[in-house]
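Peer 1: File follows, my_file19.pdb with PDB, C-alpha atoms and all ligand atoms:
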```
ATOM      1  CA  MET A   1     -26.146   6.963  -2.402  1.00  0.00           C
ATOM      2  CA  LYS A   2     -24.937   4.680  -5.196  1.00  0.00           C
ATOM      3  CA  ARG A   3     -21.193   4.419  -5.586  1.00  0.00           C
ATOM      4  CA  GLU A   4     -18.444   2.589  -7.451  1.00  0.00           C
ATOM      5  CA  LEU A   5     -16.521  -0.310  -5.910  1.00  0.00           C
ATOM      6  CA  ILE A   6     -13.819  -0.281  -3.257  1.00  0.00           C
ATOM      7  CA  ILE A   7     -10.933  -2.545  -4.267  1.00  0.00           C
ATOM      8  CA  ALA A   8      -8.354  -3.707  -1.714  1.00  0.00           C
ATOM      9  CA  ILE A   9      -4.924  -4.950  -2.800  1.00  0.00           C
ATOM     10  CA  ASP A  10      -2.714  -6.354  -0.057  1.00  0.00           C
ATOM     11  CA  GLY A  11       0.521  -8.271  -0.029  1.00  0.00           C
ATOM     12  CA  PRO A  12       4.177  -8.143   0.982  1.00  0.00           C
ATOM     13  CA  SER A  13       6.706  -5.762  -0.559  1.00  0.00           C
ATOM     14  CA  GLY A  14       7.736  -6.640  -4.091  1.00  0.00           C
ATOM     15  CA  SER A  15       4.614  -8.696  -4.790  1.00  0.00           C
ATOM     16  CA  GLY A  16       3.588  -6.277  -7.550  1.00  0.00           C
ATOM     17  CA  LYS A  17       0.996  -4.244  -5.623  1.00  0.00           C
ATOM     18  CA  SER A  18       2.135  -0.770  -6.629  1.00  0.00           C
ATOM     19  CA  THR A  19       2.509  -1.445 -10.341  1.00  0.00           C
ATOM     20  CA  LEU A  20      -0.717  -3.402 -10.561  1.00  0.00           C
ATOM     21  CA  SER A  21      -2.848  -1.022  -8.539  1.00  0.00           C
ATOM     22  CA  ARG A  22      -1.678   1.828 -10.762  1.00  0.00           C
ATOM     23  CA  ARG A  23      -2.422  -0.163 -13.916  1.00  0.00           C
ATOM     24  CA  LEU A  24      -5.775  -1.409 -12.645  1.00  0.00           C
ATOM     25  CA  ALA A  25      -6.772   2.107 -11.562  1.00  0.00           C
ATOM     26  CA  ALA A  26      -5.943   3.413 -15.048  1.00  0.00           C
ATOM     27  CA  ALA A  27      -7.931   0.601 -16.696  1.00  0.00           C
ATOM     28  CA  LEU A  28     -11.012   1.236 -14.524  1.00  0.00           C
ATOM     29  CA  ASP A  29     -10.591   5.017 -14.239  1.00  0.00           C
ATOM     30  CA  TYR A  30     -10.415   4.652 -10.453  1.00  0.00           C
ATOM     31  CA  THR A  31      -8.311   6.592  -7.938  1.00  0.00           C
ATOM     32  CA  ASN A  32      -5.267   4.762  -6.631  1.00  0.00           C
ATOM     33  CA  ILE A  33      -4.226   5.199  -2.996  1.00  0.00           C
ATOM     34  CA  ASP A  34      -0.791   3.931  -2.022  1.00  0.00           C
ATOM     35  CA  THR A  35      -1.108   3.519   1.758  1.00  0.00           C
ATOM     36  CA  GLY A  36       2.533   2.418   2.073  1.00  0.00           C
ATOM     37  CA  ALA A  37       3.493   5.916   0.880  1.00  0.00           C
ATOM     38  CA  MET A  38       1.565   7.319   3.850  1.00  0.00           C
ATOM     39  CA  TYR A  39       3.587   5.225   6.336  1.00  0.00           C
ATOM     40  CA  ARG A  40       6.757   6.136   4.463  1.00  0.00           C
ATOM     41  CA  SER A  41       5.861   9.828   4.846  1.00  0.00           C
ATOM     42  CA  VAL A  42       5.382   9.408   8.589  1.00  0.00           C
ATOM     43  CA  GLY A  43       8.738   7.588   8.692  1.00  0.00           C
ATOM     44  CA  LEU A  44      10.443  10.446   6.853  1.00  0.00           C
ATOM     45  CA  ALA A  45       8.889  13.052   9.135  1.00  0.00           C
ATOM     46  CA  ALA A  46       9.969  11.074  12.228  1.00  0.00           C
ATOM     47  CA  HIS A  47      13.480  10.715  10.847  1.00  0.00           C
ATOM     48  CA  ARG A  48      13.771  14.432  10.120  1.00  0.00           C
ATOM     49  CA  ALA A  49      12.466  15.338  13.565  1.00  0.00           C
ATOM     50  CA  GLY A  50      14.898  12.900  15.203  1.00  0.00           C
ATOM     51  CA  ILE A  51      12.057  10.945  16.811  1.00  0.00           C
ATOM     52  CA  ASP A  52      12.768   7.485  18.183  1.00  0.00           C
ATOM     53  CA  THR A  53      10.355   4.997  16.572  1.00  0.00           C
ATOM     54  CA  GLY A  54       9.732   3.519  20.032  1.00  0.00           C
ATOM     55  CA  ASP A  55       8.538   6.869  21.426  1.00  0.00           C
ATOM     56  CA  ASP A  56       4.721   6.547  21.319  1.00  0.00           C
ATOM     57  CA  ARG A  57       3.948  10.033  22.590  1.00  0.00           C
ATOM     58  CA  ALA A  58       6.275  11.797  20.183  1.00  0.00           C
ATOM     59  CA  LEU A  59       4.908   9.773  17.240  1.00  0.00           C
ATOM     60  CA  ASN A  60       1.348  10.529  18.270  1.00  0.00           C
ATOM     61  CA  THR A  61       2.038  14.264  18.396  1.00  0.00           C
ATOM     62  CA  LEU A  62       3.928  14.138  15.118  1.00  0.00           C
ATOM     63  CA  CYS A  63       1.048  12.365  13.329  1.00  0.00           C
ATOM     64  CA  ALA A  64      -1.534  14.825  14.553  1.00  0.00           C
ATOM     65  CA  GLY A  65       0.304  17.670  12.846  1.00  0.00           C
ATOM     66  CA  LEU A  66       1.044  16.002   9.497  1.00  0.00           C
ATOM     67  CA  SER A  67      -0.561  16.736   6.167  1.00  0.00           C
ATOM     68  CA  ILE A  68      -0.189  13.951   3.588  1.00  0.00           C
ATOM     69  CA  GLU A  69      -1.622  14.473   0.114  1.00  0.00           C
ATOM     70  CA  PHE A  70      -1.637  12.609  -3.175  1.00  0.00           C
ATOM     71  CA  VAL A  71      -1.189  14.988  -6.089  1.00  0.00           C
ATOM     72  CA  ARG A  72      -1.531  14.099  -9.786  1.00  0.00           C
ATOM     73  CA  LYS A  73       0.829  16.069 -11.995  1.00  0.00           C
ATOM     74  CA  ASP A  74       1.343  15.367 -15.710  1.00  0.00           C
ATOM     75  CA  GLU A  75       0.251  11.713 -15.414  1.00  0.00           C
ATOM     76  CA  GLU A  76       2.553  11.312 -12.433  1.00  0.00           C
ATOM     77  CA  GLU A  77       1.386  10.527  -8.911  1.00  0.00           C
ATOM     78  CA  GLN A  78       3.195  12.555  -6.286  1.00  0.00           C
ATOM     79  CA  VAL A  79       3.181  12.349  -2.501  1.00  0.00           C
ATOM     80  CA  TRP A  80       3.258  15.632  -0.617  1.00  0.00           C
ATOM     81  CA  LEU A  81       4.201  15.898   3.031  1.00  0.00           C
ATOM     82  CA  ASN A  82       3.380  19.223   4.691  1.00  0.00           C
ATOM     83  CA  GLY A  83       3.379  20.965   1.322  1.00  0.00           C
ATOM     84  CA  GLU A  84       6.629  19.389   0.045  1.00  0.00           C
ATOM     85  CA  ASP A  85       6.960  16.821  -2.748  1.00  0.00           C
ATOM     86  CA  VAL A  86       8.574  13.820  -1.023  1.00  0.00           C
ATOM     87  CA  SER A  87       7.857  11.230  -3.763  1.00  0.00           C
ATOM     88  CA  GLU A  88      11.561  10.437  -4.192  1.00  0.00           C
ATOM     89  CA  ALA A  89      12.715  10.951  -0.612  1.00  0.00           C
ATOM     90  CA  ILE A  90      10.357   8.268   0.757  1.00  0.00           C
ATOM     91  CA  ARG A  91      11.594   5.532  -1.616  1.00  0.00           C
ATOM     92  CA  THR A  92      15.061   4.859  -0.167  1.00  0.00           C
ATOM     93  CA  PRO A  93      15.887   1.581   1.634  1.00  0.00           C
ATOM     94  CA  GLU A  94      16.316   3.614   4.829  1.00  0.00           C
ATOM     95  CA  MET A  95      12.752   4.947   4.559  1.00  0.00           C
ATOM     96  CA  SER A  96      11.437   1.427   3.843  1.00  0.00           C
ATOM     97  CA  LEU A  97      12.786   0.435   7.221  1.00  0.00           C
ATOM     98  CA  MET A  98      11.507   3.594   8.944  1.00  0.00           C
ATOM     99  CA  ALA A  99       8.040   3.021   7.422  1.00  0.00           C
ATOM    100  CA  SER A 100       7.988  -0.551   8.657  1.00  0.00           C
ATOM    101  CA  ARG A 101       8.966   0.621  12.156  1.00  0.00           C
ATOM    102  CA  VAL A 102       6.488   3.498  12.502  1.00  0.00           C
ATOM    103  CA  SER A 103       3.712   1.350  11.006  1.00  0.00           C
ATOM    104  CA  ALA A 104       3.934  -0.971  14.015  1.00  0.00           C
ATOM    105  CA  ASN A 105       2.840   1.905  16.262  1.00  0.00           C
ATOM    106  CA  ALA A 106      -0.835   1.894  17.320  1.00  0.00           C
ATOM    107  CA  ALA A 107      -1.259   5.695  17.315  1.00  0.00           C
ATOM    108  CA  VAL A 108       0.246   6.008  13.852  1.00  0.00           C
ATOM    109  CA  ARG A 109      -2.034   3.251  12.529  1.00  0.00           C
ATOM    110  CA  LYS A 110      -5.102   4.881  14.062  1.00  0.00           C
ATOM    111  CA  THR A 111      -4.374   8.205  12.370  1.00  0.00           C
ATOM    112  CA  MET A 112      -3.662   6.544   9.012  1.00  0.00           C
ATOM    113  CA  LEU A 113      -6.814   4.408   9.304  1.00  0.00           C
ATOM    114  CA  GLY A 114      -8.958   7.550   9.619  1.00  0.00           C
ATOM    115  CA  LEU A 115      -7.272   9.191   6.646  1.00  0.00           C
ATOM    116  CA  GLN A 116      -7.516   6.066   4.475  1.00  0.00           C
ATOM    117  CA  ARG A 117     -11.206   5.553   5.193  1.00  0.00           C
ATOM    118  CA  ALA A 118     -11.942   9.198   4.452  1.00  0.00           C
ATOM    119  CA  LEU A 119     -10.067   8.924   1.141  1.00  0.00           C
ATOM    120  CA  GLY A 120     -11.782   5.690   0.100  1.00  0.00           C
ATOM    121  CA  GLU A 121     -15.330   5.670   1.432  1.00  0.00           C
ATOM    122  CA  ARG A 122     -16.912   7.246  -1.645  1.00  0.00           C
ATOM    123  CA  GLY A 123     -15.754   4.286  -3.778  1.00  0.00           C
ATOM    124  CA  GLY A 124     -14.200   4.214  -7.229  1.00  0.00           C
ATOM    125  CA  VAL A 125     -10.895   3.568  -5.459  1.00  0.00           C
ATOM    126  CA  ILE A 126      -8.128   1.041  -5.189  1.00  0.00           C
ATOM    127  CA  LEU A 127      -6.230   1.040  -1.910  1.00  0.00           C
ATOM    128  CA  GLU A 128      -3.021  -0.935  -1.735  1.00  0.00           C
ATOM    129  CA  GLY A 129      -1.213  -1.911   1.444  1.00  0.00           C
ATOM    130  CA  ARG A 130      -1.006  -4.625   4.080  1.00  0.00           C
ATOM    131  CA  ASP A 131      -4.278  -4.405   6.014  1.00  0.00           C
ATOM    132  CA  ILE A 132      -6.781  -2.928   3.553  1.00  0.00           C
ATOM    133  CA  GLY A 133      -8.973  -6.027   3.162  1.00  0.00           C
ATOM    134  CA  THR A 134      -8.729  -6.997   6.819  1.00  0.00           C
ATOM    135  CA  VAL A 135      -8.875  -3.691   8.754  1.00  0.00           C
ATOM    136  CA  VAL A 136      -9.312  -0.553   6.639  1.00  0.00           C
ATOM    137  CA  PHE A 137     -12.144  -1.766   4.387  1.00  0.00           C
ATOM    138  CA  PRO A 138     -13.131  -5.266   5.579  1.00  0.00           C
ATOM    139  CA  ARG A 139     -16.298  -4.941   3.491  1.00  0.00           C
ATOM    140  CA  ALA A 140     -14.538  -3.954   0.258  1.00  0.00           C
ATOM    141  CA  GLU A 141     -16.358  -5.498  -2.706  1.00  0.00           C
ATOM    142  CA  VAL A 142     -13.125  -6.828  -4.249  1.00  0.00           C
ATOM    143  CA  LYS A 143     -10.026  -7.990  -2.384  1.00  0.00           C
ATOM    144  CA  PHE A 144      -6.788  -9.195  -3.876  1.00  0.00           C
ATOM    145  CA  PHE A 145      -3.820 -10.652  -2.047  1.00  0.00           C
ATOM    146  CA  LEU A 146      -0.681 -10.685  -4.189  1.00  0.00           C
ATOM    147  CA  LYS A 147       2.278 -12.834  -3.293  1.00  0.00           C
ATOM    148  CA  ALA A 148       5.577 -13.985  -4.813  1.00  0.00           C
ATOM    149  CA  SER A 149       8.675 -15.830  -3.615  1.00  0.00           C
ATOM    150  CA  ALA A 150      11.053 -13.796  -1.420  1.00  0.00           C
ATOM    151  CA  ARG A 151      13.818 -14.262  -3.999  1.00  0.00           C
ATOM    152  CA  GLU A 152      11.696 -12.852  -6.834  1.00  0.00           C
ATOM    153  CA  ARG A 153      10.460  -9.969  -4.687  1.00  0.00           C
ATOM    154  CA  GLY A 154      14.049  -9.152  -3.679  1.00  0.00           C
ATOM    155  CA  ARG A 155      15.095  -9.269  -7.327  1.00  0.00           C
ATOM    156  CA  ARG A 156      12.332  -6.835  -8.320  1.00  0.00           C
ATOM    157  CA  ARG A 157      13.121  -4.432  -5.478  1.00  0.00           C
ATOM    158  CA  CYS A 158      16.832  -4.560  -6.302  1.00  0.00           C
ATOM    159  CA  GLN A 159      16.141  -3.767  -9.964  1.00  0.00           C
ATOM    160  CA  GLU A 160      13.886  -0.885  -8.979  1.00  0.00           C
ATOM    161  CA  LEU A 161      16.597   0.632  -6.760  1.00  0.00           C
ATOM    162  CA  ARG A 162      19.331   0.085  -9.369  1.00  0.00           C
ATOM    163  CA  ASP A 163      17.141   1.787 -11.983  1.00  0.00           C
ATOM    164  CA  LYS A 164      17.205   4.802  -9.702  1.00  0.00           C
ATOM    165  CA  GLY A 165      21.011   4.706  -9.663  1.00  0.00           C
ATOM    166  CA  LEU A 166      21.406   3.193  -6.193  1.00  0.00           C
ATOM    167  CA  ASP A 167      24.257   0.748  -5.708  1.00  0.00           C
ATOM    168  CA  VAL A 168      22.586  -2.186  -3.917  1.00  0.00           C
ATOM    169  CA  SER A 169      23.403  -5.888  -3.699  1.00  0.00           C
ATOM    170  CA  LEU A 170      20.847  -8.543  -4.645  1.00  0.00           C
ATOM    171  CA  GLU A 171      21.510 -10.772  -1.643  1.00  0.00           C
ATOM    172  CA  GLN A 172      21.265  -7.850   0.763  1.00  0.00           C
ATOM    173  CA  THR A 173      17.997  -6.664  -0.823  1.00  0.00           C
ATOM    174  CA  ILE A 174      16.503 -10.173  -0.525  1.00  0.00           C
ATOM    175  CA  GLU A 175      17.563 -10.214   3.121  1.00  0.00           C
ATOM    176  CA  GLU A 176      15.923  -6.799   3.725  1.00  0.00           C
ATOM    177  CA  VAL A 177      12.708  -7.966   2.052  1.00  0.00           C
ATOM    178  CA  LYS A 178      12.626 -10.995   4.364  1.00  0.00           C
ATOM    179  CA  GLN A 179      13.290  -8.852   7.433  1.00  0.00           C
ATOM    180  CA  ARG A 180      10.506  -6.451   6.516  1.00  0.00           C
ATOM    181  CA  ASP A 181       8.129  -9.372   5.865  1.00  0.00           C
ATOM    182  CA  ALA A 182       8.848 -10.722   9.337  1.00  0.00           C
ATOM    183  CA  ALA A 183       8.337  -7.319  10.979  1.00  0.00           C
ATOM    184  CA  ASP A 184       5.119  -6.579   9.039  1.00  0.00           C
ATOM    185  CA  THR A 185       3.689 -10.056   9.668  1.00  0.00           C
ATOM    186  CA  ASN A 186       4.557 -10.455  13.331  1.00  0.00           C
ATOM    187  CA  ARG A 187       3.553  -7.035  14.637  1.00  0.00           C
ATOM    188  CA  LEU A 188       0.664  -6.741  17.070  1.00  0.00           C
ATOM    189  CA  HIS A 189      -1.439  -4.077  15.331  1.00  0.00           C
ATOM    190  CA  ALA A 190      -2.980  -4.812  11.907  1.00  0.00           C
ATOM    191  CA  PRO A 191      -0.284  -7.246  10.712  1.00  0.00           C
ATOM    192  CA  LEU A 192       0.107  -8.293   7.092  1.00  0.00           C
ATOM    193  CA  LEU A 193      -2.631 -10.890   6.758  1.00  0.00           C
ATOM    194  CA  GLN A 194      -4.540 -12.442   3.910  1.00  0.00           C
ATOM    195  CA  ALA A 195      -8.288 -11.740   4.179  1.00  0.00           C
ATOM    196  CA  GLU A 196     -10.330 -14.956   4.047  1.00  0.00           C
ATOM    197  CA  ASP A 197     -12.341 -13.689   1.108  1.00  0.00           C
ATOM    198  CA  ALA A 198      -9.368 -12.365  -0.884  1.00  0.00           C
ATOM    199  CA  VAL A 199      -8.517 -13.597  -4.367  1.00  0.00           C
ATOM    200  CA  VAL A 200      -4.915 -14.792  -4.022  1.00  0.00           C
ATOM    201  CA  ILE A 201      -2.558 -14.378  -6.985  1.00  0.00           C
ATOM    202  CA  ASP A 202       0.987 -15.711  -6.946  1.00  0.00           C
ATOM    203  CA  THR A 203       2.827 -13.336  -9.298  1.00  0.00           C
ATOM    204  CA  THR A 204       6.245 -15.089  -9.124  1.00  0.00           C
ATOM    205  CA  ALA A 205       6.209 -16.418 -12.681  1.00  0.00           C
ATOM    206  CA  MET A 206       3.596 -14.084 -14.175  1.00  0.00           C
ATOM    207  CA  THR A 207       4.006 -10.960 -16.301  1.00  0.00           C
ATOM    208  CA  ILE A 208       2.352  -7.720 -15.199  1.00  0.00           C
ATOM    209  CA  ASP A 209      -0.119  -7.985 -18.086  1.00  0.00           C
ATOM    210  CA  GLN A 210      -1.119 -11.522 -17.142  1.00  0.00           C
ATOM    211  CA  VAL A 211      -1.848 -10.474 -13.563  1.00  0.00           C
ATOM    212  CA  LEU A 212      -3.681  -7.358 -14.743  1.00  0.00           C
ATOM    213  CA  GLN A 213      -5.957  -9.364 -17.052  1.00  0.00           C
ATOM    214  CA  GLN A 214      -6.801 -11.742 -14.235  1.00  0.00           C
ATOM    215  CA  MET A 215      -7.646  -8.832 -11.931  1.00  0.00           C
ATOM    216  CA  ILE A 216      -9.799  -7.106 -14.550  1.00  0.00           C
ATOM    217  CA  ALA A 217     -11.754 -10.347 -15.040  1.00  0.00           C
ATOM    218  CA  VAL A 218     -12.375 -10.666 -11.285  1.00  0.00           C
ATOM    219  CA  VAL A 219     -13.536  -7.032 -11.036  1.00  0.00           C
ATOM    220  CA  ALA A 220     -15.914  -7.457 -14.005  1.00  0.00           C
ATOM    221  CA  GLU A 221     -17.443 -10.543 -12.446  1.00  0.00           C
ATOM    222  CA  ARG A 222     -17.830  -8.846  -9.038  1.00  0.00           C
ATOM    223  CA  ARG A 223     -19.323  -5.735 -10.599  1.00  0.00           C
ATOM    224  CA  GLN A 224     -21.988  -7.836 -12.206  1.00  0.00           C
ATOM    225  CA  ARG A 225     -22.645  -9.767  -9.020  1.00  0.00           C
ATOM    226  CA  ALA A 226     -22.638  -6.717  -6.708  1.00  0.00           C
ATOM    227  CA  GLY A 227     -25.086  -4.673  -8.809  1.00  0.00           C
ATOM    228  CA  PRO A 228     -25.471  -1.094  -7.561  1.00  0.00           C
ATOM    229  CA  VAL A 229     -23.421  -0.606  -4.409  1.00  0.00           C
ATOM    230  CA  PHE A 230     -24.656   1.746  -1.703  1.00  0.00           C
ATOM    231  CA  THR A 231     -22.488   3.779   0.632  1.00  0.00           C
ATOM    232  CA  ARG A 232     -22.156   2.566   4.202  1.00  0.00           C
ATOM    233  CA  LYS A 233     -19.531   3.507   6.734  1.00  0.00           C
ATOM    234  CA  GLU A 234     -16.890   1.074   7.944  1.00  0.00           C
ATOM    235  CA  SER A 235     -16.658   1.259  11.714  1.00  0.00           C
ATOM    236  CA  GLY A 236     -14.298   0.434  14.538  1.00  0.00           C
ATOM    237  CA  SER A 237     -10.551   0.026  14.282  1.00  0.00           C
TER     238      SER A 237
HETATM  239  O1  LIG B   1       4.186  -0.950   0.476  1.00  0.00           O
HETATM  240  P1  LIG B   1       5.416  -0.216   1.030  1.00  0.00           P
HETATM  241  O2  LIG B   1       6.686  -1.012   0.896  1.00  0.00           O
HETATM  242  O3  LIG B   1       5.563   1.161   0.472  1.00  0.00           O
HETATM  243  O4  LIG B   1       5.110  -0.049   2.605  1.00  0.00           O
HETATM  244  C1  LIG B   1       6.048   0.487   3.495  1.00  0.00           C
HETATM  245  C2  LIG B   1       5.810  -0.050   4.913  1.00  0.00           C
HETATM  246  O5  LIG B   1       4.573   0.455   5.410  1.00  0.00           O
HETATM  247  C3  LIG B   1       5.709  -1.573   5.011  1.00  0.00           C
HETATM  248  O6  LIG B   1       6.909  -2.146   5.494  1.00  0.00           O
HETATM  249  C4  LIG B   1       4.585  -1.843   5.978  1.00  0.00           C
HETATM  250  C5  LIG B   1       3.870  -0.539   6.138  1.00  0.00           C
HETATM  251  N1  LIG B   1       2.478  -0.584   5.674  1.00  0.00           N
HETATM  252  C6  LIG B   1       1.530  -0.990   6.580  1.00  0.00           C
HETATM  253  O7  LIG B   1       1.863  -1.355   7.690  1.00  0.00           O
HETATM  254  N2  LIG B   1       0.214  -0.971   6.238  1.00  0.00           N
HETATM  255  C7  LIG B   1      -0.174  -0.594   5.020  1.00  0.00           C
HETATM  256  N3  LIG B   1      -1.494  -0.582   4.728  1.00  0.00           N
HETATM  257  C8  LIG B   1       0.797  -0.201   4.056  1.00  0.00           C
HETATM  258  C9  LIG B   1       2.126  -0.224   4.422  1.00  0.00           C
END
```
Could you render the structure as structure tokens?
Ligand code: DC

Peer 2:
Amino acid sequence: MKRELIIAIDGPSGSGKSTLSRRLAAALDYTNIDTGAMYRSVGLAAHRAGIDTGDDRALNTLCAGLSIEFVRKDEEEQVWLNGEDVSEAIRTPEMSLMASRVSANAAVRKTMLGLQRALGERGGVILEGRDIGTVVFPRAEVKFFLKASARERGRRRCQELRDKGLDVSLEQTIEEVKQRDAADTNRLHAPLLQAEDAVVIDTTAMTIDQVLQQMIAVVAERRQRAGPVFTRKESGS
């Protein structure tokens, strides 16, 4: 069966993944899947259930009973956890940390991997995260790896949180970004890693539009080169 492309966007927090995958998805009329939101939802559920992030069995059981959905409402993308809109609740600094912790767990990753492949395998999708081009869809037709200096990423994250009315300090946010980078990069299972065949874009001194134009050009070139793409299953974990 002929299908549209699978596009992977990976990179550390604050590199511009979320904004750019949304913009690129709108430009191509593709579906955007924010895989970080899935780990954040697991983190929120674990927090609410009082589960220790080191408790493998409890996390495994928790994951098996979760329903995570992406819902489009009035141009807005929402994340629903067990029938509840948690789009706001998963975006706090506390949930960033919880997401990073639960995402290091093998059972959690296995469950999310299955969900992400099921959501993306028909193509016409952009998945953004940390391990999309390396683990989830290693044969994605287009892979981007976005990066930016820790200072710039901290500045962006801080602005984002302040825009939401949270009282956060710049230095502390930069420190948290660095801590999360270290945790996401040094973990055993599916760490943050640049795929060998990824197009790397350093967004530190670029505007969103500049990055977007570069990405659109890469996709156009790949589309031409790939010709019709046929569905085949990714396998293994
Ligand atoms: O992109 P984000 O900040 O919303 O992601 C939250 C956490 O989830 C991040 O610290 C690492 C984890 N994550 C992951 O391990 N794998 C992914 N594909 C996406 C996110």

Peer 1: Could you list the protein, DNA and RNA residues that have any atom within 9 Å of ligand LIG 1 (chain B), counting only C-alpha atoms and all ligand atoms, and write them as a short mmCIF file (atom, residue, chain, number, x, y, z; two decimals) with C-alpha atoms, in the coordinates of the input?

Peer 2:
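After the write, pocket11.cif holds the following:
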```
data_model
loop_
_atom_site.label_atom_id
_atom_site.label_comp_id
_atom_site.auth_asym_id
_atom_site.auth_seq_id
_atom_site.Cartn_x
_atom_site.Cartn_y
_atom_site.Cartn_z
CA ASP A 10 -2.71 -6.35 -0.06
CA GLY A 11 0.52 -8.27 -0.03
CA PRO A 12 4.18 -8.14 0.98
CA SER A 13 6.71 -5.76 -0.56
CA GLY A 14 7.74 -6.64 -4.09
CA LYS A 17 1.00 -4.24 -5.62
CA SER A 18 2.13 -0.77 -6.63
CA ASP A 34 -0.79 3.93 -2.02
CA THR A 35 -1.11 3.52 1.76
CA GLY A 36 2.53 2.42 2.07
CA ALA A 37 3.49 5.92 0.88
CA MET A 38 1.56 7.32 3.85
CA TYR A 39 3.59 5.22 6.34
CA ARG A 40 6.76 6.14 4.46
CA GLY A 43 8.74 7.59 8.69
CA ILE A 90 10.36 8.27 0.76
CA ARG A 91 11.59 5.53 -1.62
CA MET A 95 12.75 4.95 4.56
CA SER A 96 11.44 1.43 3.84
CA LEU A 97 12.79 0.44 7.22
CA MET A 98 11.51 3.59 8.94
CA ALA A 99 8.04 3.02 7.42
CA SER A 100 7.99 -0.55 8.66
CA ARG A 101 8.97 0.62 12.16
CA VAL A 102 6.49 3.50 12.50
CA SER A 103 3.71 1.35 11.01
CA ALA A 104 3.93 -0.97 14.02
CA ARG A 109 -2.03 3.25 12.53
CA MET A 112 -3.66 6.54 9.01
CA LEU A 113 -6.81 4.41 9.30
CA GLN A 116 -7.52 6.07 4.47
CA LEU A 127 -6.23 1.04 -1.91
CA GLU A 128 -3.02 -0.94 -1.74
CA GLY A 129 -1.21 -1.91 1.44
CA ARG A 130 -1.01 -4.62 4.08
CA ASP A 131 -4.28 -4.40 6.01
CA ILE A 132 -6.78 -2.93 3.55
CA VAL A 135 -8.88 -3.69 8.75
CA VAL A 136 -9.31 -0.55 6.64
CA VAL A 177 12.71 -7.97 2.05
CA ARG A 180 10.51 -6.45 6.52
CA ASP A 181 8.13 -9.37 5.86
CA ALA A 183 8.34 -7.32 10.98
CA ASP A 184 5.12 -6.58 9.04
CA HIS A 189 -1.44 -4.08 15.33
CA ALA A 190 -2.98 -4.81 11.91
CA PRO A 191 -0.28 -7.25 10.71
CA LEU A 192 0.11 -8.29 7.09
#
```

Peer 1: Take the point (-0.6, -15.7, -9.8) as written in the file and pick out every residue within 10 Å of it, counting only C-alpha atoms; give the list as number ranges by chain.

Peer 2: A: 145-148, 199-207, 210-211, 214

Peer 1: Quick one: which residues end up in the PyMOL selection byres (((chain A and resi 24) around 10) and not hetatm) for this structure, as a list in words?

Peer 2: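 Selection result, ordered by chain and number: Ile7, Ser18, Thr19, Leu20, Ser21, Arg22, Arg23, Ala25, Ala26, Ala27, Leu28, Asp29, Tyr30, Thr31, Asn32, Ile126, Val211, Leu212, Gln213, Met215, Ile216 and Val219 of chain A.
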
Peer 1: Atoms to include: C-alpha atoms. Write the selected residues as a CSV table (one decimal), keeping the file's coordinate frame.

Peer 2:
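Full text of part_31.csv as output:
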```csv
chain,number,residue,atom,x,y,z
A,7,ILE,CA,-10.9,-2.5,-4.3
A,18,SER,CA,2.1,-0.8,-6.6
A,19,THR,CA,2.5,-1.4,-10.3
A,20,LEU,CA,-0.7,-3.4,-10.6
A,21,SER,CA,-2.8,-1.0,-8.5
A,22,ARG,CA,-1.7,1.8,-10.8
A,23,ARG,CA,-2.4,-0.2,-13.9
A,25,ALA,CA,-6.8,2.1,-11.6
A,26,ALA,CA,-5.9,3.4,-15.0
A,27,ALA,CA,-7.9,0.6,-16.7
A,28,LEU,CA,-11.0,1.2,-14.5
A,29,ASP,CA,-10.6,5.0,-14.2
A,30,TYR,CA,-10.4,4.7,-10.5
A,31,THR,CA,-8.3,6.6,-7.9
A,32,ASN,CA,-5.3,4.8,-6.6
A,126,ILE,CA,-8.1,1.0,-5.2
A,211,VAL,CA,-1.8,-10.5,-13.6
A,212,LEU,CA,-3.7,-7.4,-14.7
A,213,GLN,CA,-6.0,-9.4,-17.1
A,215,MET,CA,-7.6,-8.8,-11.9
A,216,ILE,CA,-9.8,-7.1,-14.6
A,219,VAL,CA,-13.5,-7.0,-11.0
```

Peer 1: Quote the spacing between atom CA of Asn82 of chain A and atom CA of Arg48 of chain A in Å to one decimal place.

Peer 2: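 Atom-to-atom, atom CA of Asn82 of chain A to atom CA of Arg48 of chain A, that is 12.7 Å.
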
Peer 1: I need the residue set behind the PyMOL selection byres (((chain A and resi 141) around 12) and not hetatm) for this file; please write it as an NGL selection string.

Peer 2: :A and (3-9 or 121 or 123-126 or 132-133 or 137-140 or 142-144 or 197-199 or 218-231)

Peer 1: Could you list the residues chosen by the PyMOL selection byres (((chain A and resi 62) around 10) and not hetatm) in this structure as a ChimeraX atom specification?

Peer 2: /A:42,45-46,49,51,56-61,63-66,108

Peer 1: Determine the nearest neighbour of Val168 of chain A from the options A:Lys73, A:Arg122, A:Lys233, A:Arg155, counting only C-alpha atoms.

Peer 2: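 Of all the options, A:Arg155 lies closest to Val168 of chain A.
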
Peer 1: Rounded to one decimal in Å, what is the spacing between atom CA of Thr134 of chain A and atom CA of Glu234 of chain A?

Peer 2: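 Interatomic distance, atom CA of Thr134 of chain A to atom CA of Glu234 of chain A: 11.5 Å.
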
Peer 1: What is the distance, in Å and to one decimal place, between atom CA of Glu176 of chain A and atom CA of Pro93 of chain A?

Peer 2: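 Straight-line distance from atom CA of Glu176 of chain A to atom CA of Pro93 of chain A works out to 8.6 Å.
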
Peer 1: Pick the closest to Gly165 of chain A from A:Gln179, A:Thr92, A:Gln194, A:Thr53: which is it, counting only C-alpha atoms?

Peer 2: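 Among the listed residues, the smallest separation from Gly165 of chain A belongs to A:Thr92.
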
Peer 1: Which one of A:Ala106, A:Leu44, A:Ile33, A:Leu161 sits closest to Ala89 of chain A if you count all atoms listed in the file?

Peer 2: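 Of the candidates, the smallest distance to Ala89 of chain A is held by A:Leu44.
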